[in-house]
Structures are given as C-alpha cells and as structure tokens.
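Source file: run_34.txt; contents: compact mmCIF, C-alpha atoms.
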```
# COMPACT_ATOMS: atom_id res chain seq x y z
CA MET F 1 16.96 40.86 46.45
CA THR F 2 14.75 43.76 47.40
CA GLY F 3 14.88 44.95 43.79
CA LYS F 4 13.29 41.69 42.54
CA LYS F 5 10.48 41.56 45.16
CA ALA F 6 7.78 43.19 42.98
CA PHE F 7 9.15 42.06 39.64
CA VAL F 8 6.64 39.75 37.91
CA GLY F 9 8.24 39.63 34.50
CA PRO F 10 8.53 42.12 31.64
CA LEU F 11 4.75 41.94 30.71
CA GLY F 12 3.34 41.21 34.12
CA ASP F 13 4.87 44.33 35.50
CA ASP F 14 2.73 46.52 33.10
CA PHE F 15 -0.38 44.38 33.49
CA PRO F 16 -2.31 46.61 35.96
CA SER F 17 -2.08 49.61 33.63
CA ILE F 18 -3.98 47.72 30.92
CA PHE F 19 -7.27 48.11 32.83
CA PRO F 20 -7.40 51.93 32.84
CA ILE F 21 -6.18 52.02 29.24
CA VAL F 22 -8.87 49.61 28.04
CA ALA F 23 -11.50 51.48 30.08
CA GLY F 24 -10.39 54.79 28.53
CA VAL F 25 -10.51 53.42 24.98
CA LEU F 26 -13.96 51.88 25.54
CA LEU F 27 -15.29 55.08 27.12
CA PHE F 28 -14.01 57.20 24.24
CA LEU F 29 -15.25 54.90 21.49
CA GLY F 30 -18.63 54.55 23.21
CA THR F 31 -19.00 58.31 23.42
CA VAL F 32 -18.04 58.77 19.76
CA ALA F 33 -20.64 56.20 18.73
CA TYR F 34 -23.29 57.86 20.90
CA ALA F 35 -22.39 61.33 19.54
CA ALA F 36 -22.63 60.10 15.96
CA GLY F 37 -26.09 58.68 16.70
CA VAL F 38 -27.31 61.91 18.27
CA VAL F 39 -25.93 64.03 15.40
CA ASP F 40 -27.61 61.75 12.83
CA GLN F 41 -30.89 61.97 14.72
CA LYS F 42 -30.73 65.77 14.91
CA ASN F 43 -29.80 66.06 11.22
CA ALA F 44 -32.71 63.84 10.24
CA TYR F 45 -35.12 66.02 12.25
CA PHE F 46 -33.66 69.20 10.73
CA GLU F 47 -34.18 67.78 7.25
CA ILE F 48 -37.84 67.14 8.08
CA ARG F 49 -38.22 70.62 9.52
CA GLN F 50 -36.55 72.13 6.47
CA ALA F 51 -38.90 70.20 4.22
CA SER F 52 -41.89 71.30 6.30
CA LEU F 53 -40.84 74.95 5.93
CA GLY F 54 -40.50 74.45 2.17
CA LEU F 55 -43.96 72.91 2.00
CA GLY F 56 -45.26 75.80 4.10
CA TYR F 57 -43.79 78.31 1.62
CA THR F 58 -45.30 76.39 -1.27
CA LEU F 59 -48.79 76.28 0.18
CA THR F 60 -48.84 79.89 1.42
CA GLN F 61 -47.81 81.57 -1.82
CA ARG F 62 -51.18 83.29 -1.87
CA GLY F 63 -53.04 85.09 0.88
CA SER F 64 -56.32 83.40 0.05
CA LEU F 65 -57.19 79.90 -1.11
CA THR F 66 -60.32 78.21 -2.33
CA GLN F 67 -60.71 74.43 -2.43
CA MET F 68 -59.77 74.28 -6.10
CA GLU F 69 -56.74 76.52 -5.71
CA PHE F 70 -55.55 74.49 -2.74
CA ASP F 71 -55.97 71.21 -4.61
CA ALA F 72 -54.08 72.58 -7.62
CA LEU F 73 -51.22 73.91 -5.47
CA CYS F 74 -51.00 70.67 -3.55
CA GLY F 75 -51.18 68.39 -6.55
CA GLU F 76 -48.81 70.31 -8.77
CA GLN F 77 -46.17 71.64 -6.41
CA ALA F 78 -46.36 70.32 -2.85
CA THR F 79 -46.41 66.65 -3.81
CA GLU F 80 -43.41 67.08 -6.10
CA PHE F 81 -41.54 69.02 -3.45
CA ALA F 82 -42.20 66.35 -0.81
CA ARG F 83 -41.03 63.66 -3.20
CA SER F 84 -37.80 65.51 -3.89
CA LYS F 85 -37.13 65.81 -0.15
CA ALA F 86 -38.14 62.19 0.55
CA VAL F 87 -40.76 63.14 3.15
CA LYS F 88 -44.43 62.34 3.58
CA PHE F 89 -47.00 65.00 4.32
CA LYS F 90 -50.62 65.78 4.81
CA ALA F 91 -51.91 69.32 4.31
CA THR F 92 -55.38 70.62 5.15
CA LEU F 93 -57.16 73.86 4.30
CA VAL F 94 -59.15 74.62 7.42
CA SER F 95 -61.99 77.07 7.84
CA ARG F 96 -61.86 79.07 11.06
CA CYS F 97 -64.73 81.38 10.20
CA ASP F 98 -65.90 81.36 13.83
CA GLY F 99 -62.40 82.09 15.17
CA TYR F 100 -59.41 80.05 16.17
CA VAL F 101 -60.12 77.32 18.68
CA TYR F 102 -57.15 75.56 20.22
CA SER F 103 -57.12 72.42 22.28
CA ASP F 104 -54.26 70.36 23.66
CA ASP F 105 -54.14 68.22 20.56
CA ALA F 106 -55.03 71.01 18.14
CA GLU F 107 -52.34 69.95 15.70
CA PHE F 108 -54.12 66.68 15.08
CA GLY F 109 -57.60 68.17 15.21
CA GLU F 110 -57.56 68.92 11.49
CA TRP F 111 -56.78 65.37 10.50
CA GLY F 112 -60.32 64.39 9.75
CA ASP F 113 -62.83 65.90 7.38
CA GLU F 114 -63.31 69.24 9.16
CA GLY F 115 -61.24 71.07 6.57
CA TYR F 116 -62.40 72.46 3.24
CA ALA F 117 -59.81 70.39 1.42
CA SER F 118 -56.86 68.17 2.16
CA CYS F 119 -54.15 66.39 0.25
CA ASP F 120 -51.21 64.19 1.06
CA SER F 121 -48.07 62.74 -0.48
CA HIS F 122 -50.01 59.63 -1.53
CA GLY F 123 -52.03 61.55 -4.06
CA ASP F 124 -55.38 60.04 -5.00
CA GLU F 125 -54.02 56.62 -5.82
CA GLU F 126 -53.63 55.08 -2.38
CA GLU F 127 -55.48 55.00 0.90
CA ASP F 128 -55.16 57.82 3.43
CA TYR F 129 -52.53 57.77 6.16
CA VAL F 130 -53.63 56.60 9.60
CA LEU F 131 -53.36 59.25 12.29
CA SER F 132 -52.24 56.89 15.06
CA GLU F 133 -49.35 55.63 12.91
CA VAL F 134 -48.24 59.11 11.89
CA ALA F 135 -48.43 60.43 15.46
CA GLY F 136 -45.82 57.86 16.47
CA LYS F 137 -43.36 59.16 13.90
CA ASN F 138 -42.78 62.51 15.60
CA PRO F 139 -44.23 64.65 12.78
CA VAL F 140 -43.57 68.36 12.36
CA VAL F 141 -46.83 70.32 12.38
CA LEU F 142 -47.06 73.88 11.07
CA ASP F 143 -50.08 76.14 10.92
CA TYR F 144 -50.32 79.25 8.72
CA PRO F 145 -53.06 81.88 8.52
CA MET F 146 -55.01 82.00 5.28
CA ALA F 147 -58.10 83.79 4.00
CA VAL F 148 -60.68 81.17 3.03
CA PRO F 149 -64.27 81.43 1.77
CA CYS F 150 -66.62 81.99 4.72
CA PRO F 151 -68.98 80.85 6.10
CA GLU F 152 -69.03 77.99 3.55
CA ALA F 153 -66.63 76.66 0.97
CA GLY F 154 -68.72 78.13 -1.84
CA SER F 155 -69.12 81.60 -0.31
CA ASN F 156 -68.01 84.71 -2.16
CA GLN F 157 -66.49 86.47 0.80
CA TYR F 158 -63.29 85.56 2.63
CA GLY F 159 -62.83 85.02 6.34
CA LEU F 160 -60.42 83.45 8.78
CA GLY F 161 -58.80 80.15 7.97
CA SER F 162 -55.52 78.35 8.02
CA VAL F 163 -53.35 75.86 6.23
CA VAL F 164 -52.11 73.03 8.44
CA VAL F 165 -49.09 71.08 7.21
CA MET F 166 -47.94 67.85 8.84
CA VAL F 167 -44.63 66.38 7.69
CA TRP F 168 -42.86 63.17 8.69
CA ARG F 169 -40.56 60.54 7.23
CA MET S 170 14.15 49.41 39.69
CA ALA S 171 11.38 47.07 38.52
CA LEU S 172 9.02 48.32 41.27
CA THR S 173 9.45 51.89 40.02
CA ARG S 174 8.75 50.78 36.42
CA GLY S 175 5.45 49.16 37.47
CA GLN S 176 4.23 52.33 39.21
CA ALA S 177 5.11 54.41 36.12
CA ALA S 178 3.07 52.09 33.91
CA ILE S 179 -0.07 52.35 36.04
CA PHE S 180 0.39 56.10 36.28
CA ASP S 181 0.42 56.23 32.44
CA GLY S 182 -2.78 54.19 32.35
CA ILE S 183 -4.58 56.44 34.80
CA THR S 184 -3.40 59.55 32.95
CA PHE S 185 -4.75 58.07 29.72
CA LEU S 186 -8.10 57.38 31.43
CA LEU S 187 -8.26 60.97 32.66
CA LEU S 188 -7.53 62.29 29.16
CA ALA S 189 -10.17 60.00 27.68
CA SER S 190 -12.71 61.21 30.27
CA PHE S 191 -11.89 64.83 29.47
CA SER S 192 -12.30 64.17 25.73
CA THR S 193 -15.66 62.47 26.23
CA GLY S 194 -16.78 65.44 28.33
CA LEU S 195 -15.91 67.77 25.46
CA LEU S 196 -17.74 65.51 23.02
CA PHE S 197 -20.88 65.55 25.16
CA VAL S 198 -20.81 69.35 25.33
CA ALA S 199 -20.31 69.60 21.54
CA VAL S 200 -23.15 67.16 20.86
CA SER S 201 -25.59 68.89 23.19
CA ASN S 202 -24.92 72.26 21.49
CA TYR S 203 -25.01 70.80 18.00
CA GLY S 204 -27.74 72.30 15.83
CA GLU S 205 -28.72 75.13 18.18
CA GLN S 206 -28.02 77.80 15.56
CA GLU S 207 -29.76 75.82 12.85
CA ASP S 208 -32.72 75.40 15.17
CA ALA S 209 -32.85 79.15 15.83
CA VAL S 210 -32.66 79.95 12.11
CA MET S 211 -35.50 77.55 11.29
CA ARG S 212 -37.60 78.91 14.12
CA SER S 213 -37.11 82.46 12.80
CA ALA S 214 -37.89 81.30 9.26
CA HIS S 215 -41.17 79.81 10.46
CA VAL S 216 -42.13 82.94 12.42
CA LEU S 217 -41.35 85.13 9.40
CA ASN S 218 -43.32 82.93 7.02
CA TYR S 219 -46.22 82.94 9.45
CA VAL S 220 -46.18 86.74 9.71
CA GLN S 221 -45.89 87.02 5.91
CA SER S 222 -48.92 84.76 5.57
CA PHE S 223 -50.78 86.94 8.05
CA THR S 224 -49.88 90.07 6.07
CA LYS S 225 -51.09 88.45 2.85
CA ALA S 226 -54.27 87.13 4.46
CA VAL S 227 -55.44 90.53 5.71
CA TYR S 228 -55.52 91.73 2.09
CA TYR S 229 -58.34 89.25 1.49
CA VAL S 230 -60.18 88.76 4.79
CA ASN S 231 -63.47 90.62 4.60
CA VAL S 232 -64.09 92.96 7.50
CA ASN S 233 -67.60 91.75 8.35
CA THR S 234 -66.33 88.19 8.94
CA LEU S 235 -64.42 89.52 11.96
CA SER S 236 -67.51 90.64 13.86
CA ASP S 237 -67.63 87.46 15.97
CA VAL S 238 -63.98 87.49 17.00
CA CYS S 239 -64.80 88.34 20.61
CA LYS S 240 -67.96 86.30 20.82
CA ASP S 241 -67.98 83.40 23.23
CA PRO S 242 -69.38 80.12 21.81
CA THR S 243 -72.11 80.35 24.47
CA GLY S 244 -73.16 83.78 23.20
CA GLY S 245 -71.35 86.06 25.69
CA THR S 246 -68.09 87.93 25.33
CA LEU S 247 -64.70 86.23 25.62
CA ALA S 248 -62.84 87.04 28.85
CA GLU S 249 -59.83 88.39 26.93
CA CYS S 250 -62.05 91.01 25.25
CA LYS S 251 -63.06 92.62 28.52
CA GLY S 252 -61.22 93.53 31.69
CA GLU S 253 -57.78 95.11 31.51
CA GLY S 254 -55.79 93.41 28.78
CA ALA S 255 -54.69 94.72 25.40
CA TYR S 256 -57.98 93.55 23.88
CA SER S 257 -60.18 94.95 26.66
CA ASP S 258 -62.07 97.33 24.34
CA LEU S 259 -62.67 94.79 21.57
CA GLY S 260 -65.64 93.18 23.31
CA GLY S 261 -67.79 96.32 23.68
CA VAL S 262 -70.40 97.70 21.31
CA ASP S 263 -67.69 99.65 19.49
CA GLY S 264 -65.45 96.61 19.34
CA CYS S 265 -65.19 93.86 16.74
CA SER S 266 -68.97 93.32 16.71
CA SER S 267 -69.37 96.80 15.18
CA LEU S 268 -67.67 95.55 11.99
CA THR S 269 -70.76 93.61 11.02
CA GLY S 270 -72.23 96.48 9.00
CA TYR S 271 -69.52 96.60 6.33
CA LEU S 272 -70.13 95.22 2.87
CA GLY S 273 -68.89 91.72 2.13
CA SER S 274 -66.41 93.00 -0.44
CA VAL S 275 -64.44 95.28 1.91
CA SER S 276 -61.17 93.71 3.09
CA VAL S 277 -59.17 94.66 6.19
CA THR S 278 -56.51 96.48 4.18
CA ASP S 279 -59.15 98.27 2.06
CA LEU S 280 -60.60 99.71 5.25
CA LEU S 281 -57.17 100.49 6.67
CA LYS S 282 -56.35 102.47 3.52
CA ARG S 283 -59.65 104.29 3.82
CA ASP S 284 -58.82 105.07 7.46
CA LEU S 285 -55.47 106.54 6.34
CA ALA S 286 -56.87 108.49 3.41
CA ASP S 287 -58.10 111.43 5.52
CA PRO S 288 -57.61 114.57 3.48
CA GLU S 289 -54.38 116.39 4.45
CA ASN S 290 -54.15 114.48 7.70
CA MET S 291 -53.01 110.90 7.59
CA ILE S 292 -54.03 109.36 10.93
CA LEU S 293 -55.01 105.89 12.08
CA ASP S 294 -58.10 106.92 13.98
CA ASP S 295 -60.86 104.60 12.71
CA ALA S 296 -62.34 107.47 10.74
CA TYR S 297 -62.23 108.90 7.23
CA GLY S 298 -62.90 112.57 7.58
CA GLY S 299 -65.79 112.47 10.02
CA ILE S 300 -67.17 109.15 8.80
CA PRO S 301 -66.34 105.90 10.63
CA ALA S 302 -63.80 103.81 8.72
CA LYS S 303 -62.68 101.27 11.28
CA GLY S 304 -59.53 100.09 9.55
CA LYS S 305 -57.42 100.08 12.69
CA LEU S 306 -60.10 98.20 14.61
CA ALA S 307 -60.45 95.64 11.81
CA LEU S 308 -56.70 95.03 11.80
CA ARG S 309 -56.70 94.70 15.59
CA CYS S 310 -59.49 92.11 15.42
CA ALA S 311 -57.77 90.22 12.59
CA ALA S 312 -54.42 90.24 14.39
CA LYS S 313 -55.99 89.09 17.65
CA GLU S 314 -57.32 86.01 15.91
CA LEU S 315 -54.70 85.23 13.25
CA LEU S 316 -51.64 85.79 15.45
CA ARG S 317 -53.17 83.85 18.30
CA PRO S 318 -50.84 80.81 18.09
CA PHE S 319 -47.83 83.04 18.77
CA VAL S 320 -49.62 85.16 21.35
CA VAL S 321 -50.47 82.01 23.31
CA SER S 322 -46.77 81.04 23.11
CA GLY S 323 -45.68 84.29 24.76
CA TYR S 324 -44.95 86.43 21.70
CA LYS S 325 -45.89 90.09 21.44
CA TYR S 326 -46.68 91.82 18.18
CA TYR S 327 -46.93 95.39 17.01
CA ILE S 328 -48.36 96.55 13.69
CA GLU S 329 -47.76 100.02 12.32
CA VAL S 330 -47.83 101.98 9.12
CA ILE S 331 -44.56 103.71 8.34
CA ASP S 332 -44.00 106.76 6.18
CA PRO S 333 -40.43 106.33 4.86
CA SER S 334 -40.37 109.88 3.53
CA GLN S 335 -40.43 111.17 7.12
CA SER S 336 -37.47 110.14 9.24
CA ASN S 337 -36.88 112.87 11.76
CA ILE S 338 -37.90 110.67 14.72
CA TYR S 339 -36.81 107.20 13.58
CA SER S 340 -34.17 106.61 10.91
CA ASN S 341 -36.24 103.83 9.28
CA GLY S 342 -39.21 106.16 8.85
CA ASN S 343 -41.73 107.69 11.20
CA PRO S 344 -44.92 105.82 11.98
CA VAL S 345 -48.19 107.36 10.89
CA ARG S 346 -49.97 108.93 13.87
CA THR S 347 -52.17 106.47 15.74
CA LEU S 348 -54.95 107.80 17.93
CA GLY S 349 -56.18 105.69 20.84
CA ALA S 350 -55.36 102.01 21.11
CA LYS S 351 -52.33 100.70 19.22
CA ILE S 352 -52.39 97.55 17.13
CA THR S 353 -50.56 95.33 19.57
CA ASN S 354 -51.00 92.84 22.37
CA SER S 355 -48.17 94.36 24.37
CA MET S 356 -48.86 96.31 27.53
CA ASP S 357 -45.27 97.54 27.88
CA ASP S 358 -45.19 101.26 28.72
CA ALA S 359 -42.17 101.98 26.49
CA ILE S 360 -43.78 100.26 23.50
CA LEU S 361 -47.13 101.98 23.99
CA GLY S 362 -45.56 105.32 24.89
CA THR S 363 -47.50 105.46 28.15
CA GLY S 364 -46.67 108.57 30.16
CA LEU S 365 -45.69 110.63 27.13
CA GLU S 366 -47.70 113.58 25.91
CA ASP S 367 -50.39 112.70 23.38
CA SER S 368 -48.50 114.24 20.44
CA GLU S 369 -45.44 112.10 21.25
CA ARG S 370 -47.38 108.98 22.16
CA GLU S 371 -49.18 109.01 18.81
CA ARG S 372 -45.79 108.98 17.07
CA VAL S 373 -44.18 106.15 19.05
CA SER S 374 -42.97 103.25 16.92
CA GLY S 375 -43.56 100.08 18.93
CA CYS S 376 -41.22 98.10 16.66
CA GLU S 377 -38.34 100.52 17.19
CA GLU S 378 -38.99 100.73 20.93
CA ALA S 379 -39.12 96.93 21.27
CA ALA S 380 -35.78 96.61 19.46
CA GLU S 381 -34.40 99.42 21.62
CA ALA S 382 -35.53 97.54 24.74
CA GLY S 383 -33.37 94.60 23.67
CA TYR S 384 -36.06 92.20 22.44
CA LYS S 385 -35.23 89.94 19.50
CA VAL S 386 -37.66 91.56 17.08
CA LEU S 387 -38.53 89.98 13.75
CA SER S 388 -40.35 92.20 11.29
CA VAL S 389 -42.07 91.90 7.95
CA ALA S 390 -42.58 95.05 5.90
CA THR S 391 -44.77 95.31 2.82
CA PRO S 392 -45.38 98.24 0.47
CA PHE S 393 -48.67 99.91 1.32
CA ARG S 394 -49.89 102.54 -1.12
CA VAL S 395 -52.56 104.95 -0.01
CA THR S 396 -54.32 107.50 -2.16
CA PRO S 397 -55.38 110.40 0.06
CA ALA S 398 -58.71 112.09 -0.51
CA LYS S 399 -58.92 115.46 -2.28
CA ASP S 400 -57.86 118.42 -0.17
CA ALA S 401 -60.11 121.29 0.96
CA GLN S 402 -59.68 122.99 -2.43
CA GLY S 403 -60.80 119.84 -4.20
CA GLU S 404 -57.32 119.13 -5.53
CA PRO S 405 -56.28 115.47 -5.73
CA GLN S 406 -53.22 114.58 -3.68
CA ASP S 407 -50.30 112.38 -4.65
CA GLU S 408 -50.35 108.71 -3.83
CA LYS S 409 -48.39 107.94 -0.66
CA SER S 410 -45.94 105.04 -0.67
CA LEU S 411 -46.19 103.80 2.87
CA ILE S 412 -45.03 100.58 4.52
CA LEU S 413 -47.13 98.19 6.56
CA ARG S 414 -44.82 96.73 9.17
CA VAL S 415 -45.59 93.78 11.44
CA CYS S 416 -43.15 93.11 14.26
CA ILE S 417 -43.12 90.12 16.56
CA TRP S 418 -40.87 89.14 19.42
CA PRO S 419 -40.74 86.64 22.28
CA SER S 420 -41.39 88.40 25.55
CA SER S 421 -41.52 87.61 29.23
CA GLU S 422 -44.34 90.14 29.57
CA LYS S 423 -47.50 88.56 31.00
CA SER S 424 -49.74 87.16 28.29
CA THR S 425 -53.24 88.59 27.95
CA VAL S 426 -54.55 85.40 26.38
CA SER S 427 -54.49 81.97 27.94
```

Step by step, read the file and then write its structure as structure tokens.
Amino acid sequence: MTGKKAFVGPLGDDFPSIFPIVAGVLLFLGTVAYAAGVVDQKNAYFEIRQASLGLGYTLTQRGSLTQMEFDALCGEQATEFARSKAVKFKATLVSRCDGYVYSDDAEFGEWGDEGYASCDSHGDEEEDYVLSEVAGKNPVVLDYPMAVPCPEAGSNQYGLGSVVVMVWR
Amino acid sequence: MALTRGQAAIFDGITFLLLASFSTGLLFVAVSNYGEQEDAVMRSAHVLNYVQSFTKAVYYVNVNTLSDVCKDPTGGTLAECKGEGAYSDLGGVDGCSSLTGYLGSVSVTDLLKRDLADPENMILDDAYGGIPAKGKLALRCAAKELLRPFVVSGYKYYIEVIDPSQSNIYSNGNPVRTLGAKITNSMDDAILGTGLEDSERERVSGCEEAAEAGYKVLSVATPFRVTPAKDAQGEPQDEKSLILRVCIWPSSEKSTVS
C-alpha cells in the first residue's frame, strides 16, 4: 500500500523531469543560435576590415599622389577590388598642408569637397553616397599619410596629406 | 519502488539541465573570444601599412612645407611644441620653422642623407660638415605630424638609421650615432639612453631597447643608401647601404600630445 502512494502511472511518474529537460534543450539551442549570429556578425565585419586593408594597400602603393594619379588608381584598381570583395567604398585624397587637424568626427570630415580628389564604388555613373546613410552602416574608416601637392593641387612641391578610405557593405 | 523511480527521473532531468548550462557557458566564452587573433592581426597589418605609407611619404614631402608644423592656427606656437614634452624644442627659432629656407625640391630623406653624408663621420647631427643640414629635424617634424593619429592613440615611435655592417652592440646592426634629440615621441629613459655617457647614449637603439623592455614593437625597415662626401684627401668614399627603421608600439607612457 505504501509502495503505491506516489505512483501516478508509468508516464506520470517521470512527468516532473520533463520540465528541466525541456528547459535545458531550449537553453542550449537558444545559445547555439545566438552564438551562430554573433560569429556571422563578426565574420562579416572582418570581411569588411579585410577589404578596407586591401583598398588601403591599393591606394597607398606610392608615397605621393596627384589628383590625376589618385583618380587613375581609384578608377582602375580600387573600384575593381571593391567589386570583387562585394563592398562599397569612398576614398578621398586630402590635403593637410597646414598640418593634421583632428576633431571628434574627423573620420567623416573628409566626406565633402575639402579633398583634392575623391572616388567611390559607384564610379561616375550614379549619384554620390549620402553620409547620413553610410554612417548608419558602421563603416570602417582608415587614414594613411601621403605626400600631396602643396599648398594647392597644381603646386610643384609636395607637402603633408592623407588618403582616407571608408568601406562598408 | 515507484517513489524511488520518480526521484531518479527528476534527478536525471536536473543533471541534464546542469550539463546544458555548463555547455552554454562554454559556448559563451568561445563566442566572446572568437576573432580576437584575427582582430590583432588586422590591427597590426593596418599599423604596418600606415608606417610603410609614412616611410614612402617622407621620400616626397618637401622640407620647407614642414615649417608650419608647430604653428598654432592663431599665429602662436602649439602647446606640444614648447614645455617639457618630446617636441619641446620644435617650437623655437631652431625648430620646424627654421626649415622654411630650404629649396622646394629638397625632400625630407634628401636632407637626411645629406645630414648623414659627413665626410668620414656618419652622424645624425643636423649638419653636413660644418654647414646646417637639418635632416634629423625635418624627419622629427614630419613624424610629429604624419604619425599623429597613432601618437594620439597612445603609441610611441622611434626612427633610426641602422648600419648593418656594424653589429658589435646590437645583433641587427648598430644605429648611426645621433647627437642631441632622438627622433621619437617617447620620454622613456631606457629608450632615450638617459643617464648613460654621451658616447653610449648616442649609440642607443630605441627600437631594440623598446623590444627589450617588453613592448610589442612593430617595425618597418627600408634600404637607405647614403653616399658620403669625399674624405680629407679628396678621395671619394664607397656608398653606404644603411637601413631606415621606423618602430612603433602601444605604450602606457604618458602621451605628449592630446
């Protein structure tokens, strides 16, 4: 009699253990799904960073760049490279003849027309990218030193400058 | 009997939950560490490409364009070019502003080679024989400006010219003697050789000392050929195959630039 007191049938007897088992399975599967998402996100960012480094190498082959040289390098090599890596970019040749000036949003400071020359993955066929849209896509921004004509784009002597590359997907 | 079986079943369930929790903990740790090495490699690749670009740029940057490096936009001298930092002497009359007199065709490395071409005595001393040839100063001014993004981020740099044919002090080659200020933003005594006798201090390799001190030093070395001037007898001397080495490392040392 005492042996049958807690007996609630062959299934009912194991019923309480189902809760921790289900909780464990859900916890594990949830974590796996979360981990896969994080790994994908990190891989995607690494791909963009890798592409940005490649574009940086492409645009800094030389120690000095004029407008024409920059345009040629951008049009012939950088655009193709970006296409092969499925990323978008905007690169600017900036004159810093009066020295480097940094502000909190320095990386976006070169977006406008301050540079000697700029090019992007659109080429000349389409309209320019919009800064506010690109800023929301977590772009990678790299800045490399470069000798550029100073004090003006047509000058014969070279001074301080830089190449700013912005890459996103 | 049945009561015992029910307890065993719930014990199995709880054990399974514990195992699942442990596994998820491991997964979280693995995910948080994922990509750290790749991140470090890419960071190093960027730093190296930046320093390579700097090294290439100084072959073209004309010396006289560096004369305003320490000039404040309001007309005064920048705070970092006076006081006690690594750039403290760059704001004076013998600082970057003194580079204004050079011809527009003279690049930083041209002047550095001239500085090193002293007959029978290769020294970085801002002079060629007795004539001013401010190659070291020009490189200091260029580095101050072009390496600024990394300096602001807490990196230290050291630039030196190495003679690989001489290796009695350092196995990778002895640095060429440097008189006065070194081409660096570091104020570390070991890297500057502070406290040593002049003859030893002039021969200190900041790159080697930084690596010795345990810093994660990245360096870029480029061939740097210098043709020394004729000796006292008027005989031409052989071309010297030197190395221009730029080292950079993250440091907890206080930054001189804000």

Please tabulate, as CSV, the residues of chain S that come within 7 Å of chain F, each with its closest pair of atoms and the distance in Å to one decimal, counting only C-alpha atoms and ordering rows by chain, then residue number upward.
```
residue,atom,partner,partner_atom,distance
S:Met170,CA,F:Gly3,CA,6.1
S:Ala171,CA,F:Phe7,CA,5.6
S:Leu172,CA,F:Ala6,CA,5.5
S:Gly175,CA,F:Asp13,CA,5.2
S:Ala178,CA,F:Asp14,CA,5.6
S:Ile179,CA,F:Ser17,CA,4.2
S:Gly182,CA,F:Ser17,CA,4.8
S:Ile183,CA,F:Pro20,CA,5.7
S:Phe185,CA,F:Ile21,CA,6.2
S:Leu186,CA,F:Gly24,CA,4.5
S:Ala189,CA,F:Gly24,CA,5.3
S:Thr193,CA,F:Phe28,CA,5.9
S:Val200,CA,F:Ala35,CA,6.0
S:His215,CA,F:Leu53,CA,6.7
S:Tyr219,CA,F:Tyr144,CA,5.6
S:Ser222,CA,F:Pro145,CA,5.8
S:Phe223,CA,F:Pro145,CA,5.6
S:Lys225,CA,F:Gly63,CA,4.4
S:Ala226,CA,F:Gly63,CA,4.3
S:Tyr229,CA,F:Ala147,CA,6.0
S:Val230,CA,F:Gly159,CA,4.8
S:Asn231,CA,F:Tyr158,CA,5.4
S:Thr234,CA,F:Gly159,CA,5.4
S:Asp237,CA,F:Asp98,CA,6.7
S:Val238,CA,F:Gly99,CA,5.9
S:Gly273,CA,F:Gln157,CA,5.9
S:Ser274,CA,F:Gln157,CA,6.6
S:Glu314,CA,F:Tyr100,CA,6.3
S:Leu315,CA,F:Pro145,CA,6.0
```

Exercise. Would you list the contacts of region 130-141 of chain F as a ChimeraX atom specification, taking every protein, DNA or RNA residue within 10 Å and counting only C-alpha atoms, but skipping same-chain residues closer than 6 positions in sequence?
Key: /F:45,48-53,88-91,107-108,111-112,164-169

Self-check item: d(CA of Glu152 (chain F), CA of Ser95 (chain F)) in Å
Solution: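 Going from CA of Glu152 (chain F) over to CA of Ser95 (chain F), I get 8.3 Å.
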
Quiz item: What separation in Å, quoted to one decimal, exists between CA of Ala153 (chain F) and CA of Leu272 (chain S)?
Solution: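 Result for CA of Ala153 (chain F) versus CA of Leu272 (chain S): 19.0 Å, one decimal.
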
Self-check item: Two-atom distance - CA of Ser368 (chain S), CA of Ala296 (chain S) (Å)
Solution: 18.2 Å

Exercise. Find the residues near Thr347 (chain S): any atom within 9 Å, counting all atoms listed in the file, skip ones fewer than 5 places away on the same chain, and give them as a list in words.
Key: Ile292, Leu293, Asp294, Lys305, Glu329, Arg370, Glu371, Arg372 and Val373 of chain S

Quiz item: Do you know which residues are at most 12 Å from Pro392 (chain S) counting all atoms listed in the file, after dropping those on the same chain fewer than 4 positions away, and could you put them as a count of residues only?
Solution: 14

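Ranking S:Asp258, S:Leu187, S:Ser420, S:Pro288 by their shortest atom-to-atom distance to Gln402 (chain S), with all atoms listed in the file included, puts S:Pro288 first.
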